[in-house]
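Shown next, in structure tokens, is the structure this report addresses.
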Amino acid sequence: MITFQAIGLMSGTSLDGLDICLAKFEKQNSVWKFQILKAETIPYTKDLEGQLRNSIHLSAEKLLELHSEYGFYLGKKVKNFISKHQIENIDLISSHGHTVFHQPQKKFTLQIGDGRAIKIENGLPVVYDFRSQDVLMGGNGAPLVPIGDELLFSEYDACLNLGGFSNISLKFNDKRIAFDIAPVNIILNKIAQNCNQNFDKNGDLARKGKINTELLNKLNSLEFYNLSHPKSLGIEWCNENIFPLFKKLDSKDILATFTEHASEQISRIFNQYQLKKVLFTGGGTYNSYLIEKIKEKTNSEIVIPEKEIIDFKEALIFAFMGVLRINNEINVLSSATGSSQDHSSGIIA
């Protein structure tokens with residue numbers, strides 16, 4: 001049996017903070033098992049959140065500066081986490097970084113937060129930049145978590161993550177496929193801010209709104225939903241295709257309509273693949289109105305796990321991807337990303 005202890009770092013598109021997850025991984029007879037030992041979310045300061053949110057508009061020089069600064073920030077937060085929990089015997093740190101640009105069709109993606117800075121702060125091996133190699137190999141560079149779904153969560157027909165975007169991974173014709181379904185929190189949080197809320201807690205604002213049929217039809221007819229997998233979404237796509245549709249509409253009506261739209265797109269996939277049992281994770285899992293809407297439209301059994309898995313599954317899987325990378329094992333599935341072959345991705349510092 002081989003055992004690894006790894007720390008995974010994840011910063012999602014919704015920018016609510018940095019997820020840090022310490023997990024233990026054991027491999028016996030080619031079967032992997034995991035245990036989350038410690039995990040926490042460190043909220044971003046308003047200043048850092050603003051910097052990351054606006055990073056897409058920075059000059060090359062300022063972006064490089066933030067790449068380095070954010071790397072040291074990550075390194076310091078990990079150092080504090082290790083010291084606070086008196087953690088020993090860590091084999092590696094694995095960092096996703098913060099996505100600024102994601103344009104796989106042009107062969108580039110950029111996650112800032114220099115892994116070398118994390119290593120300088122902690123003196124431990126760091127694996128980072130998991131997406132670029134896949135994009136260079138003709139893939140979408142996303143989604144990457146399917147390798148974890150395949151090796152750590154195989155008892156479910158599918159795993160759905162409700163984060164900034166909803167993405168799903170499932171077995172189809174003996175292959176693990178995965179793709180983004182629709183935007184979720186990246187839209188809902190932004191609109192909730194018009195109502196002086198950081199996010200639509202439990203979907204309470206959406207419940208008060210009215211579904212705008214014209215808007216719903218426009219959303220459902222967006223070309224992305226007709227594309228076959230693999231496919232992925234980014235903030236650029238939302239800025240171009242979704243936000244312009246909301247002009248002059250009441251925020252609560254937008255929330256009601258967009259929640260309906262997300263639930264329709266998600267349940268359509270459940271029904272298309274006849275999924276029996278689906279694991280739900282990510283912040284959107286707490287949006288009870290969205291969950292109710294999905295349940296209305298499908299017969300799939302929806303499994304909502306303990307809070308630790310809901311909140312930290314992505315950070316857990318990035319820790320796992322780092323473990324696979326250090327061992328030179330496959331950690332990216334071409335059936336999920338569309339790249340030319342399965343591969344072991346990530347730069348090791």
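As shown in the structure tokens, the chain order sets the letters A, B, ...; within each chain, residues go from 1, and ligands are also counted from 1 in the order they appear.
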
Would you write out, as CSV, a table of all residues in region 122-172 of chain A that have an atom no more than 9 Å from an atom of region 10-27 of chain A, listing for each the closest atom pair and the distance in Å to one decimal, considering only C-alpha atoms and ordering rows by chain and rising residue number?
```
residue,atom,partner,partner_atom,distance
A:Gly163,CA,A:Ser14,CA,7.2
A:Gly164,CA,A:Ser14,CA,5.2
A:Phe165,CA,A:Thr13,CA,8.1
```

Residue subset to file, keeping all heavy atoms, as a compact mmCIF listing (two decimals), in the first residue's frame:
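again_37.txt, written as the output of this step:
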```txt
# COMPACT_ATOMS: atom_id res chain seq x y z
N GLY A 163 -20.92 25.09 -9.34
CA GLY A 163 -20.06 26.20 -8.94
C GLY A 163 -20.39 27.41 -9.78
O GLY A 163 -21.55 27.67 -10.09
N GLY A 164 -19.36 28.15 -10.18
CA GLY A 164 -19.56 29.27 -11.11
C GLY A 164 -20.30 28.75 -12.34
O GLY A 164 -21.22 29.38 -12.85
N PHE A 165 -19.88 27.57 -12.79
CA PHE A 165 -20.54 26.86 -13.89
C PHE A 165 -20.96 25.49 -13.38
O PHE A 165 -20.36 24.96 -12.46
CB PHE A 165 -19.59 26.70 -15.08
CG PHE A 165 -19.11 28.02 -15.63
CD1 PHE A 165 -17.93 28.59 -15.19
CD2 PHE A 165 -19.86 28.71 -16.57
CE1 PHE A 165 -17.51 29.82 -15.66
CE2 PHE A 165 -19.45 29.94 -17.06
CZ PHE A 165 -18.27 30.51 -16.61
```

- prompt: Can you list, as a ChimeraX atom specification, every protein, DNA or RNA residue that comes within 10 Å of Leu92 (chain A) when you count only C-alpha atoms, leaving out same-chain residues fewer than 4 positions away?
  reply: /A:4-8,119,122-127,319,322-323,326,348-349

Residues from last step as file, all heavy atoms, as a CSV table (one decimal), in the first residue's frame:
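Below is the file again-v5.csv, written as the result:
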```csv
chain,number,residue,atom,x,y,z
A,4,PHE,N,-0.1,8.9,0.6
A,4,PHE,CA,0.4,10.3,0.3
A,4,PHE,C,-0.5,11.2,1.2
A,4,PHE,O,-1.7,11.0,1.3
A,4,PHE,CB,0.2,10.7,-1.1
A,4,PHE,CG,1.2,10.0,-2.0
A,4,PHE,CD1,0.9,8.8,-2.6
A,4,PHE,CD2,2.4,10.6,-2.3
A,4,PHE,CE1,1.8,8.1,-3.4
A,4,PHE,CE2,3.4,9.9,-3.1
A,4,PHE,CZ,3.0,8.7,-3.7
A,5,GLN,N,0.1,12.3,1.7
A,5,GLN,CA,-0.6,13.4,2.2
A,5,GLN,C,-0.4,14.6,1.4
A,5,GLN,O,0.8,15.0,1.1
A,5,GLN,CB,-0.2,13.6,3.7
A,5,GLN,CG,-0.8,12.6,4.6
A,5,GLN,CD,-0.9,13.0,6.1
A,5,GLN,OE1,-1.6,12.4,6.8
A,5,GLN,NE2,-0.3,14.1,6.5
A,6,ALA,N,-1.5,15.2,0.9
A,6,ALA,CA,-1.3,16.3,0.0
A,6,ALA,C,-2.3,17.4,0.3
A,6,ALA,O,-3.4,17.2,0.8
A,6,ALA,CB,-1.5,15.9,-1.5
A,7,ILE,N,-1.9,18.7,0.0
A,7,ILE,CA,-2.8,19.8,0.2
A,7,ILE,C,-3.2,20.3,-1.2
A,7,ILE,O,-2.4,20.5,-2.1
A,7,ILE,CB,-2.0,21.0,0.9
A,7,ILE,CG1,-1.8,20.6,2.4
A,7,ILE,CG2,-2.8,22.3,0.8
A,7,ILE,CD1,-1.1,21.6,3.2
A,8,GLY,N,-4.5,20.5,-1.4
A,8,GLY,CA,-5.0,21.0,-2.6
A,8,GLY,C,-5.6,22.4,-2.4
A,8,GLY,O,-6.2,22.7,-1.4
A,119,LYS,N,6.2,27.3,-3.4
A,119,LYS,CA,7.3,26.4,-3.0
A,119,LYS,C,8.3,27.2,-2.1
A,119,LYS,O,8.8,26.7,-1.1
A,119,LYS,CB,8.0,25.8,-4.2
A,119,LYS,CG,9.2,24.9,-3.8
A,119,LYS,CD,9.9,24.3,-4.9
A,119,LYS,CE,10.9,23.3,-4.5
A,119,LYS,NZ,12.0,23.9,-3.7
A,122,ASN,N,7.1,27.5,1.4
A,122,ASN,CA,6.8,26.3,2.2
A,122,ASN,C,7.9,25.2,2.1
A,122,ASN,O,7.9,24.3,2.9
A,122,ASN,CB,5.5,25.7,1.8
A,122,ASN,CG,4.3,26.5,2.2
A,122,ASN,OD1,3.9,26.5,3.4
A,122,ASN,ND2,3.8,27.3,1.3
A,123,GLY,N,8.8,25.3,1.1
A,123,GLY,CA,9.8,24.3,0.9
A,123,GLY,C,9.4,22.9,0.6
A,123,GLY,O,10.0,22.0,0.9
A,124,LEU,N,8.2,22.8,0.1
A,124,LEU,CA,7.6,21.5,-0.3
A,124,LEU,C,7.4,21.5,-1.8
A,124,LEU,O,7.2,22.5,-2.4
A,124,LEU,CB,6.2,21.3,0.4
A,124,LEU,CG,6.3,21.2,1.9
A,124,LEU,CD1,4.9,21.4,2.5
A,124,LEU,CD2,6.7,19.8,2.3
A,125,PRO,N,7.4,20.3,-2.4
A,125,PRO,CA,7.1,20.2,-3.9
A,125,PRO,C,5.7,20.8,-4.1
A,125,PRO,O,4.8,20.5,-3.4
A,125,PRO,CB,7.1,18.7,-4.2
A,125,PRO,CG,7.9,18.1,-3.0
A,125,PRO,CD,7.7,19.0,-1.8
A,126,VAL,N,5.6,21.5,-5.2
A,126,VAL,CA,4.3,22.1,-5.6
A,126,VAL,C,4.0,21.7,-7.1
A,126,VAL,O,4.9,21.8,-8.0
A,126,VAL,CB,4.3,23.6,-5.5
A,126,VAL,CG1,3.0,24.3,-6.0
A,126,VAL,CG2,4.6,24.1,-4.1
A,127,VAL,N,2.8,21.2,-7.3
A,127,VAL,CA,2.3,21.0,-8.7
A,127,VAL,C,1.3,22.1,-9.0
A,127,VAL,O,0.4,22.3,-8.3
A,127,VAL,CB,1.7,19.6,-8.8
A,127,VAL,CG1,1.4,19.3,-10.3
A,127,VAL,CG2,2.6,18.5,-8.2
A,319,ALA,N,-5.7,18.1,-5.2
A,319,ALA,CA,-4.6,17.5,-4.3
A,319,ALA,C,-4.3,16.1,-4.9
A,319,ALA,O,-3.1,15.7,-5.1
A,319,ALA,CB,-5.1,17.3,-2.9
A,322,GLY,N,-2.3,16.2,-8.1
A,322,GLY,CA,-0.9,16.5,-7.8
A,322,GLY,C,-0.2,15.2,-7.5
A,322,GLY,O,1.0,14.9,-7.9
A,323,VAL,N,-0.9,14.3,-6.7
A,323,VAL,CA,-0.3,13.0,-6.3
A,323,VAL,C,-0.1,12.2,-7.5
A,323,VAL,O,1.0,11.5,-7.7
A,323,VAL,CB,-1.2,12.3,-5.3
A,323,VAL,CG1,-0.8,10.8,-5.1
A,323,VAL,CG2,-1.3,13.0,-3.9
A,326,ILE,N,3.0,13.6,-9.5
A,326,ILE,CA,4.3,13.3,-8.9
A,326,ILE,C,4.7,11.9,-9.2
A,326,ILE,O,5.8,11.5,-9.4
A,326,ILE,CB,4.2,13.5,-7.4
A,326,ILE,CG1,4.1,15.0,-7.0
A,326,ILE,CG2,5.3,12.8,-6.6
A,326,ILE,CD1,5.5,15.7,-7.0
A,348,ILE,N,5.9,20.8,-12.1
A,348,ILE,CA,6.4,20.5,-10.7
A,348,ILE,C,7.4,21.5,-10.3
A,348,ILE,O,8.5,21.6,-11.0
A,348,ILE,CB,6.9,19.0,-10.6
A,348,ILE,CG1,5.8,18.0,-11.0
A,348,ILE,CG2,7.4,18.7,-9.2
A,348,ILE,CD1,6.3,16.6,-11.2
A,349,ALA,N,7.2,22.2,-9.2
A,349,ALA,CA,8.2,23.1,-8.7
A,349,ALA,C,8.9,22.4,-7.5
A,349,ALA,O,8.3,22.0,-6.6
A,349,ALA,CB,7.6,24.4,-8.2
```

### Task
Skip region 223-228 of chain A itself and residues of its chain fewer than 2 positions away, then list as a PyMOL selection string all residues within 9 Å of it, counting only C-alpha atoms.
chain A and resi 181-182+220-221+230-231+233+265

Pairwise distance, CA of Ile177 (chain A) with CA of His261 (chain A), equals 22.8 Å

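Omitting Ser345 (chain A) and its sequence neighbours fewer than 6 positions away, and counting only C-alpha atoms, the residues within 9 Å are Tyr128, Asp129, Phe130, Arg131, Ser132, Gln133, Asp134, Met321, Gly322, Arg325, Asn328, Ile330, Asn331 and Val332 of chain A.
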
Please, could you write that set of residues out with C-alpha atoms as a tab-separated table (two decimals), in the first residue's frame?
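So the final result, stored in result05.tsv, reads:
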```
chain	number	residue	atom	x	y	z
A	128	TYR	CA	0.60	23.77	-10.61
A	129	ASP	CA	-0.62	24.82	-14.08
A	130	PHE	CA	-2.70	21.71	-14.75
A	131	ARG	CA	-4.62	23.04	-17.75
A	132	SER	CA	-2.11	24.44	-20.27
A	133	GLN	CA	-0.65	21.13	-21.48
A	134	ASP	CA	-4.12	19.80	-22.27
A	321	MET	CA	-4.14	15.21	-9.35
A	322	GLY	CA	-0.89	16.45	-7.82
A	325	ARG	CA	1.42	13.87	-11.38
A	328	ASN	CA	3.79	10.26	-13.37
A	330	ILE	CA	-2.43	9.84	-15.91
A	331	ASN	CA	-4.37	12.70	-14.32
A	332	VAL	CA	-6.20	14.15	-17.35
```

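Across region 11-73 of chain A, DSSP run on the backbone finds alpha helix (DSSP H) at Lys46, Asp47, Leu48, Glu49, Gly50, Gln51, Leu52, Arg53, Ala60, Glu61, Lys62, Leu63, Leu64, Glu65, Leu66, His67, Ser68, Glu69, Tyr70, Gly71, Phe72 and Tyr73 of chain A.
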
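The space separating CA of Val184 (chain A) from CA of Glu264 (chain A) comes to 11.9 Å.
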
Residues within 12 Å of Thr298 (chain A), please, as a PDB file with N, CA, C and O atoms, in the first residue's frame. Count only C-alpha atoms; anything in the same chain fewer than 6 positions from it doesn't count.
```pdb
ATOM      1  N   SER A 263     -31.814  24.913 -14.238  1.00  0.00           N
ATOM      2  CA  SER A 263     -32.439  23.631 -13.850  1.00  0.00           C
ATOM      3  C   SER A 263     -32.904  22.854 -15.083  1.00  0.00           C
ATOM      4  O   SER A 263     -32.800  21.630 -15.134  1.00  0.00           O
ATOM      5  N   GLU A 264     -33.386  23.564 -16.095  1.00  0.00           N
ATOM      6  CA  GLU A 264     -33.832  22.897 -17.331  1.00  0.00           C
ATOM      7  C   GLU A 264     -32.651  22.244 -18.056  1.00  0.00           C
ATOM      8  O   GLU A 264     -32.739  21.112 -18.513  1.00  0.00           O
ATOM      9  N   GLN A 265     -31.542  22.986 -18.142  1.00  0.00           N
ATOM     10  CA  GLN A 265     -30.378  22.459 -18.859  1.00  0.00           C
ATOM     11  C   GLN A 265     -29.760  21.273 -18.120  1.00  0.00           C
ATOM     12  O   GLN A 265     -29.368  20.282 -18.732  1.00  0.00           O
ATOM     13  N   ILE A 266     -29.709  21.363 -16.788  1.00  0.00           N
ATOM     14  CA  ILE A 266     -29.116  20.288 -15.983  1.00  0.00           C
ATOM     15  C   ILE A 266     -29.978  19.023 -16.055  1.00  0.00           C
ATOM     16  O   ILE A 266     -29.475  17.926 -16.315  1.00  0.00           O
ATOM     17  N   SER A 267     -31.297  19.179 -15.851  1.00  0.00           N
ATOM     18  CA  SER A 267     -32.169  18.000 -15.854  1.00  0.00           C
ATOM     19  C   SER A 267     -32.256  17.380 -17.256  1.00  0.00           C
ATOM     20  O   SER A 267     -32.412  16.160 -17.390  1.00  0.00           O
ATOM     21  N   ARG A 268     -32.119  18.190 -18.273  1.00  0.00           N
ATOM     22  CA  ARG A 268     -32.126  17.668 -19.658  1.00  0.00           C
ATOM     23  C   ARG A 268     -30.983  16.657 -19.851  1.00  0.00           C
ATOM     24  O   ARG A 268     -31.158  15.594 -20.451  1.00  0.00           O
ATOM     25  N   ILE A 269     -29.820  16.991 -19.287  1.00  0.00           N
ATOM     26  CA  ILE A 269     -28.661  16.091 -19.379  1.00  0.00           C
ATOM     27  C   ILE A 269     -28.904  14.814 -18.564  1.00  0.00           C
ATOM     28  O   ILE A 269     -28.613  13.706 -19.014  1.00  0.00           O
ATOM     29  N   PHE A 270     -29.461  14.978 -17.344  1.00  0.00           N
ATOM     30  CA  PHE A 270     -29.771  13.805 -16.502  1.00  0.00           C
ATOM     31  C   PHE A 270     -30.679  12.835 -17.267  1.00  0.00           C
ATOM     32  O   PHE A 270     -30.471  11.631 -17.254  1.00  0.00           O
ATOM     33  N   ASN A 271     -31.688  13.408 -17.918  1.00  0.00           N
ATOM     34  CA  ASN A 271     -32.676  12.574 -18.621  1.00  0.00           C
ATOM     35  C   ASN A 271     -32.087  11.966 -19.897  1.00  0.00           C
ATOM     36  O   ASN A 271     -32.354  10.814 -20.219  1.00  0.00           O
ATOM     37  N   GLN A 272     -31.276  12.752 -20.574  1.00  0.00           N
ATOM     38  CA  GLN A 272     -30.659  12.273 -21.817  1.00  0.00           C
ATOM     39  C   GLN A 272     -29.794  11.035 -21.567  1.00  0.00           C
ATOM     40  O   GLN A 272     -29.823  10.075 -22.335  1.00  0.00           O
ATOM     41  N   TYR A 273     -29.033  11.062 -20.454  1.00  0.00           N
ATOM     42  CA  TYR A 273     -28.124   9.942 -20.161  1.00  0.00           C
ATOM     43  C   TYR A 273     -28.737   8.929 -19.182  1.00  0.00           C
ATOM     44  O   TYR A 273     -28.061   8.002 -18.751  1.00  0.00           O
ATOM     45  N   GLN A 274     -30.008   9.134 -18.839  1.00  0.00           N
ATOM     46  CA  GLN A 274     -30.744   8.216 -17.946  1.00  0.00           C
ATOM     47  C   GLN A 274     -29.948   7.908 -16.673  1.00  0.00           C
ATOM     48  O   GLN A 274     -29.714   6.746 -16.322  1.00  0.00           O
ATOM     49  N   LEU A 275     -29.548   8.968 -16.002  1.00  0.00           N
ATOM     50  CA  LEU A 275     -28.710   8.821 -14.807  1.00  0.00           C
ATOM     51  C   LEU A 275     -29.568   8.429 -13.609  1.00  0.00           C
ATOM     52  O   LEU A 275     -30.584   9.049 -13.330  1.00  0.00           O
ATOM     53  N   LYS A 276     -29.132   7.384 -12.904  1.00  0.00           N
ATOM     54  CA  LYS A 276     -29.903   6.916 -11.746  1.00  0.00           C
ATOM     55  C   LYS A 276     -29.503   7.643 -10.473  1.00  0.00           C
ATOM     56  O   LYS A 276     -30.340   8.048  -9.694  1.00  0.00           O
ATOM     57  N   LYS A 277     -28.197   7.808 -10.259  1.00  0.00           N
ATOM     58  CA  LYS A 277     -27.715   8.317  -8.982  1.00  0.00           C
ATOM     59  C   LYS A 277     -26.621   9.353  -9.231  1.00  0.00           C
ATOM     60  O   LYS A 277     -25.564   9.026  -9.792  1.00  0.00           O
ATOM     61  N   VAL A 278     -26.888  10.603  -8.818  1.00  0.00           N
ATOM     62  CA  VAL A 278     -25.952  11.701  -9.112  1.00  0.00           C
ATOM     63  C   VAL A 278     -25.497  12.375  -7.817  1.00  0.00           C
ATOM     64  O   VAL A 278     -26.309  12.765  -6.990  1.00  0.00           O
ATOM     65  N   ILE A 291     -32.250  23.281  -6.426  1.00  0.00           N
ATOM     66  CA  ILE A 291     -32.334  21.817  -6.255  1.00  0.00           C
ATOM     67  C   ILE A 291     -33.781  21.339  -6.453  1.00  0.00           C
ATOM     68  O   ILE A 291     -34.036  20.347  -7.140  1.00  0.00           O
ATOM     69  N   GLU A 292     -34.728  22.074  -5.875  1.00  0.00           N
ATOM     70  CA  GLU A 292     -36.154  21.724  -6.049  1.00  0.00           C
ATOM     71  C   GLU A 292     -36.531  21.717  -7.528  1.00  0.00           C
ATOM     72  O   GLU A 292     -37.234  20.828  -8.009  1.00  0.00           O
TER      73      GLU A 292
END
```

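Minimum atom-to-atom distance to Ser339 (chain A), evaluated using only C-alpha atoms, belongs to A:Leu136 out of A:Ile294, A:Leu136, A:Leu48, A:Leu324.
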
Report as a compact mmCIF listing (two decimals) with N, CA and C atoms, in the first residue's frame all protein, DNA and RNA residues lying within 6 Å of Ile112 (chain A), evaluated on only C-alpha atoms, omitting residues in the same chain fewer than 5 positions from it.
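Written out: selection_32.txt:
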```
# COMPACT_ATOMS: atom_id res chain seq x y z
N HIS A 67 0.40 37.75 -10.82
CA HIS A 67 0.72 36.31 -10.87
C HIS A 67 1.71 35.96 -9.76
N GLY A 97 -4.73 27.51 -9.00
CA GLY A 97 -4.54 28.90 -9.42
C GLY A 97 -5.86 29.56 -9.76
N HIS A 98 -5.80 30.85 -10.09
CA HIS A 98 -7.03 31.58 -10.45
C HIS A 98 -7.06 31.81 -11.96
```

Fill in: Residues flagged strand (DSSP E or B) by DSSP in region 141-315 of chain A, as a ChimeraX atom specification
/A:158-162,165-172,175-183,277-281,301-303

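Shortest separation to Gly283 (chain A) among A:Ser300, A:Asn140, A:Thr213, A:Thr41 occurs at residue A:Thr41, atoms counted being only C-alpha atoms.
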
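Across A:Gly71, A:Leu58, A:Thr3, A:Ile186, the tightest approach to Asn89 (chain A) is made by A:Thr3 when counting only C-alpha atoms.
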
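Using only C-alpha atoms, the shortest contact distance between Arg176 (chain A) and any of A:Asp91, A:Glu314, A:Asp157, A:Glu69 is found at A:Asp157.
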
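The coordinates place CA of Thr99 (chain A) at 17.0 Å from CA of Glu61 (chain A).
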
- Tell me, as a ChimeraX atom specification, which residues lie within 9 Å of Leu162 (chain A), counting only C-alpha atoms; anything in the same chain fewer than 6 positions away does not count. /A:168,183-185,280-285
